[in-house]
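Worksheet: one structure, shown below.
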2 protein chains.
Amino acid sequence: MQKSDEMSEVDKIPARARGRPRAFDREAALAQATRLFWIKGFEATSIADLTEAMGIGSPSLYAAFGSKEALYAEALRHYRDNNEALVWAGFFSAGTAREAVMSLLMDSAAALTGCVADIPRGCMVTLSSVGSEGHADLGELVRTARAITLDRLKLRLNQAISAGEIPVSTDVHALARFVQTVQNGMSILARDEATRGELEAVAELAMLGWDTRTGDAEHRRG
Amino acid sequence: MQKSDEMSEVDKIPARARGRPRAFDREAALAQATRLFWIKGFEATSIADLTEAMGIGSPSLYAAFGSKEALYAEALRHYRDNNEALVWAGFFSAGTAREAVMSLLMDSAAALTGCVADIPRGCMVTLSSVGSEGHADLGELVRTARAITLDRLKLRLNQAISAGEIPVSTDVHALARFVQTVQNGMSILARDEATRGELEAVAELAMLGWDTRTGDAEHRRG
DNA sequence: CTCTTTCTGTAGTGATCGACACATAAATAG
DNA sequence: CTATTTATGTGTCGATCACTACAGAAAGAG
């Protein structure tokens, strides 16, 4: 099921494959395809749209990526590799679960509104709707990607309980679902042109619920 | 721009139009079209899908609705007329802004998971992505529909301020954006098979943020 | 050089897209 | 009855869909 002769044992010194060399930068073309899928979605993006944006002919596209579905799958990977850190770096480097979640929501507010890089608004994974009948495999792929957020949040919350940071009685699943809900909702608002400041205010309000639920009184306001 | 000879002055006693009568129930067919658009979205739903679900031929569809875009616009209206009350009835009948928002989120948790009627998961308007280039008019239509939620929330919050229910210092816009974000996020979770109970827990956590922000101490937990 | 391998551009595959021409059927108006 | 009006079913329009056959071009291997 996988191309086996892509990465041979000879890796150092490119060592020109065999035949005529590819005339375009595969990663650069993939980046353009990712951007297009991100903005328009899978169904609404045609091969003609893609070849124009990538600057190549359709035979080159199919030779390099296999099919539209396979290209989308690779675009998802490229999206993760290049944009995940924008939203999750602070989460993973934070000292407490509260700071981690706060970072996640604040960085999301910035990233989803295209304020930290020249990227489209909203999350490509969150807003993807390829799962709606047909393309079942791609649907499963994006649904799995969406589930990762929940897993990471629950893992971090459980660590916080072990560390005594938040009460053992905390409903980890519900709290993680809440944060996931807020982040998802921010993607939709971002696509409807909400500003970074508006989403940051939403993040702050979300953290108030966090503080109350986890009994962290020192951060409360009002 | 409107069909002028649809509702003539003679309204009582149907008074058979003139030619051959329509062989199908227009509203029933529209209901089927709405359901299909709701589940699959505008782009992914083809005329063939629609005619099959509606049980009519394509000439009948075009004679009755004009075009795919016009049918979608009518489907949006049908969606609002038949489903808005499921989510907004409690909001409008509530005595306080807090109860109104709580009702909105709780009823959303039930409706979005298909628990109160035989309807698809998630909100048709929230999850619609017809705005992504092409079909600019439909994009504007759904964006306007999405904005109504924010308007209603802000209106209700301002009333609450006038009534002395919440502090004058409350950031109405931010709080409304927050509730809108949570409701939007719930649509995405609902489509990913989250349960009514999970979304209700999310709604409760969201209300904790509300209570802290509005200084409503009696509802706090922890 | 020739042979093999791989990529590129032209051109086009069958399938499906949204939308409609046309003839016929079913109603009213006279 | 005939004339008019409207809806339906068959068949199909040009455009676009995802995808490829084919021939030539550009590289290494011998």
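The chains in the structure tokens are called A, B, ... from first to last as shown; in each chain the residues are counted from 1, and the ligands are counted from 1 in the order shown.
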
- [ ] Return the neighbours of chain C among the residues of chain A, cut-off 9 Å, counting only C-alpha atoms (C1' of nucleotides), as a ChimeraX atom specification.
- [x] /A:17-23,56-57,59-60,63

At a cut-off of 10 Å, can you tabulate as a Markdown table every residue of chain D near chain A together with its closest atom pair and the distance in Å to one decimal, using only C-alpha atoms (C1' of nucleotides) and ordering rows by chain then number?
```
| residue | atom | partner | partner_atom | distance |
| --- | --- | --- | --- | --- |
| D:DT16 | C1' | A:Ser46 | CA | 9.5 |
| D:DC17 | C1' | A:Ser46 | CA | 7.8 |
| D:DA18 | C1' | A:Ile47 | CA | 7.1 |
| D:DC19 | C1' | A:Tyr62 | CA | 8.3 |
| D:DT20 | C1' | A:Pro59 | CA | 7.7 |
| D:DA25 | C1' | A:Arg20 | CA | 8.2 |
| D:DA26 | C1' | A:Arg20 | CA | 4.8 |
| D:DA27 | C1' | A:Arg20 | CA | 4.2 |
| D:DG28 | C1' | A:Arg18 | CA | 5.6 |
| D:DA29 | C1' | A:Arg18 | CA | 9.1 |
```

Residues of chain A within 6 Å of chain B: nearest atom pair and distance (Å, one decimal) for each, counting only C-alpha atoms, sorted by chain and number, as JSON lines?
```
{"residue": "A:Lys40", "atom": "CA", "partner": "B:Ser132", "partner_atom": "CA", "distance": 5.4}
{"residue": "A:Ser132", "atom": "CA", "partner": "B:Lys40", "partner_atom": "CA", "distance": 5.4}
{"residue": "A:Ala174", "atom": "CA", "partner": "B:Ala201", "partner_atom": "CA", "distance": 6.0}
{"residue": "A:Phe178", "atom": "CA", "partner": "B:Val202", "partner_atom": "CA", "distance": 4.9}
{"residue": "A:Thr181", "atom": "CA", "partner": "B:Gly185", "partner_atom": "CA", "distance": 4.4}
{"residue": "A:Val182", "atom": "CA", "partner": "B:Val182", "partner_atom": "CA", "distance": 5.4}
{"residue": "A:Asn184", "atom": "CA", "partner": "B:Gly185", "partner_atom": "CA", "distance": 4.7}
{"residue": "A:Gly185", "atom": "CA", "partner": "B:Gly185", "partner_atom": "CA", "distance": 3.8}
{"residue": "A:Met186", "atom": "CA", "partner": "B:Thr181", "partner_atom": "CA", "distance": 5.9}
{"residue": "A:Ala201", "atom": "CA", "partner": "B:Ala174", "partner_atom": "CA", "distance": 5.9}
{"residue": "A:Val202", "atom": "CA", "partner": "B:Phe178", "partner_atom": "CA", "distance": 4.9}
{"residue": "A:Leu205", "atom": "CA", "partner": "B:Gly209", "partner_atom": "CA", "distance": 5.6}
{"residue": "A:Ala206", "atom": "CA", "partner": "B:Gly209", "partner_atom": "CA", "distance": 5.9}
{"residue": "A:Leu208", "atom": "CA", "partner": "B:Gly209", "partner_atom": "CA", "distance": 4.6}
{"residue": "A:Gly209", "atom": "CA", "partner": "B:Gly209", "partner_atom": "CA", "distance": 3.8}
{"residue": "A:Arg213", "atom": "CA", "partner": "B:Gly222", "partner_atom": "CA", "distance": 5.8}
{"residue": "A:Gly215", "atom": "CA", "partner": "B:Gly222", "partner_atom": "CA", "distance": 5.2}
{"residue": "A:Gly222", "atom": "CA", "partner": "B:Gly215", "partner_atom": "CA", "distance": 5.2}
```

Just N, CA and C atoms for this one: save the residues we selected as an mmCIF file, in the first residue's frame.
```
data_model
loop_
_atom_site.group_PDB
_atom_site.id
_atom_site.type_symbol
_atom_site.label_atom_id
_atom_site.label_comp_id
_atom_site.auth_asym_id
_atom_site.auth_seq_id
_atom_site.Cartn_x
_atom_site.Cartn_y
_atom_site.Cartn_z
ATOM 1 N N LYS A 40 -10.802 26.256 0.831
ATOM 2 C CA LYS A 40 -12.013 25.871 0.111
ATOM 3 C C LYS A 40 -12.618 24.549 0.559
ATOM 4 N N SER A 132 -18.745 13.804 5.377
ATOM 5 C CA SER A 132 -20.169 13.701 5.090
ATOM 6 C C SER A 132 -20.471 12.808 3.894
ATOM 7 N N ALA A 174 -15.221 16.126 31.030
ATOM 8 C CA ALA A 174 -16.096 17.266 30.756
ATOM 9 C C ALA A 174 -15.287 18.545 30.555
ATOM 10 N N PHE A 178 -15.014 20.787 27.226
ATOM 11 C CA PHE A 178 -15.323 22.221 27.253
ATOM 12 C C PHE A 178 -14.261 23.028 26.500
ATOM 13 N N THR A 181 -14.528 22.408 22.898
ATOM 14 C CA THR A 181 -15.682 23.123 22.339
ATOM 15 C C THR A 181 -15.347 24.578 22.055
ATOM 16 N N VAL A 182 -14.698 25.219 23.021
ATOM 17 C CA VAL A 182 -14.354 26.632 22.844
ATOM 18 C C VAL A 182 -13.398 26.805 21.668
ATOM 19 N N ASN A 184 -12.986 24.844 19.078
ATOM 20 C CA ASN A 184 -13.716 24.578 17.841
ATOM 21 C C ASN A 184 -14.583 25.767 17.449
ATOM 22 N N GLY A 185 -15.300 26.302 18.418
ATOM 23 C CA GLY A 185 -16.158 27.437 18.140
ATOM 24 C C GLY A 185 -15.374 28.644 17.649
ATOM 25 N N MET A 186 -14.156 28.803 18.164
ATOM 26 C CA MET A 186 -13.317 29.920 17.733
ATOM 27 C C MET A 186 -12.977 29.821 16.252
ATOM 28 N N ALA A 201 -10.737 37.559 24.158
ATOM 29 C CA ALA A 201 -11.724 37.825 25.211
ATOM 30 C C ALA A 201 -12.543 36.576 25.490
ATOM 31 N N VAL A 202 -12.873 35.834 24.431
ATOM 32 C CA VAL A 202 -13.590 34.571 24.604
ATOM 33 C C VAL A 202 -12.735 33.598 25.421
ATOM 34 N N LEU A 205 -12.851 34.453 29.083
ATOM 35 C CA LEU A 205 -14.116 34.046 29.698
ATOM 36 C C LEU A 205 -14.141 32.538 29.905
ATOM 37 N N ALA A 206 -13.590 31.807 28.958
ATOM 38 C CA ALA A 206 -13.547 30.344 29.095
ATOM 39 C C ALA A 206 -12.714 29.953 30.298
ATOM 40 N N LEU A 208 -12.424 31.538 33.023
ATOM 41 C CA LEU A 208 -13.169 31.781 34.257
ATOM 42 C C LEU A 208 -13.940 30.520 34.643
ATOM 43 N N GLY A 209 -14.517 29.879 33.669
ATOM 44 C CA GLY A 209 -15.200 28.617 33.939
ATOM 45 C C GLY A 209 -14.213 27.596 34.455
ATOM 46 N N ARG A 213 -14.409 25.777 38.169
ATOM 47 C CA ARG A 213 -14.552 24.325 38.197
ATOM 48 C C ARG A 213 -13.401 23.659 38.946
ATOM 49 N N GLY A 215 -11.610 25.160 41.221
ATOM 50 C CA GLY A 215 -11.447 25.742 42.547
ATOM 51 C C GLY A 215 -10.237 26.640 42.680
ATOM 52 N N GLY A 222 -14.267 39.702 38.970
ATOM 53 C CA GLY A 222 -15.666 40.083 39.195
ATOM 54 C C GLY A 222 -15.718 40.903 40.452
#
```

Open item on the list: Going by DSSP on the backbone, which residues of region 10-195 of chain B come out as helix (DSSP H, G or I)? List them as number ranges by chain.
Closed with: B: 26-40, 47-54, 58-65, 68-93, 97-112, 136-162, 172-191

Open item on the list: Just want the 7 Å neighbourhood of region 77-87 of chain A, counted on only C-alpha atoms (C1' of nucleotides), with same-chain residues fewer than 6 positions away dropped. Output as a PyMOL selection string.
Closed with: chain A and resi 34+104+107-108+111

Task: Exercise: region 92-98 of chain B partners within 9 Å, only C-alpha atoms (C1' of nucleotides), chain neighbours under 6 positions left out, as a PyMOL selection string - done: chain B and resi 153+156-157+159-160+165-166+207+210-211

- [ ] May I ask for the distance between CA of Ala73 (chain A) and CA of Leu138 (chain A), given in Å to one decimal place?
- [x]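 About the pair CA of Ala73 (chain A) and CA of Leu138 (chain A): they are 7.2 Å apart.
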
Task: Computed interatomic separation between CA of Trp88 (chain B) and CA of Gly122 (chain A) (Å) - done: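 Here the two named atoms are 26.8 Å from each other.
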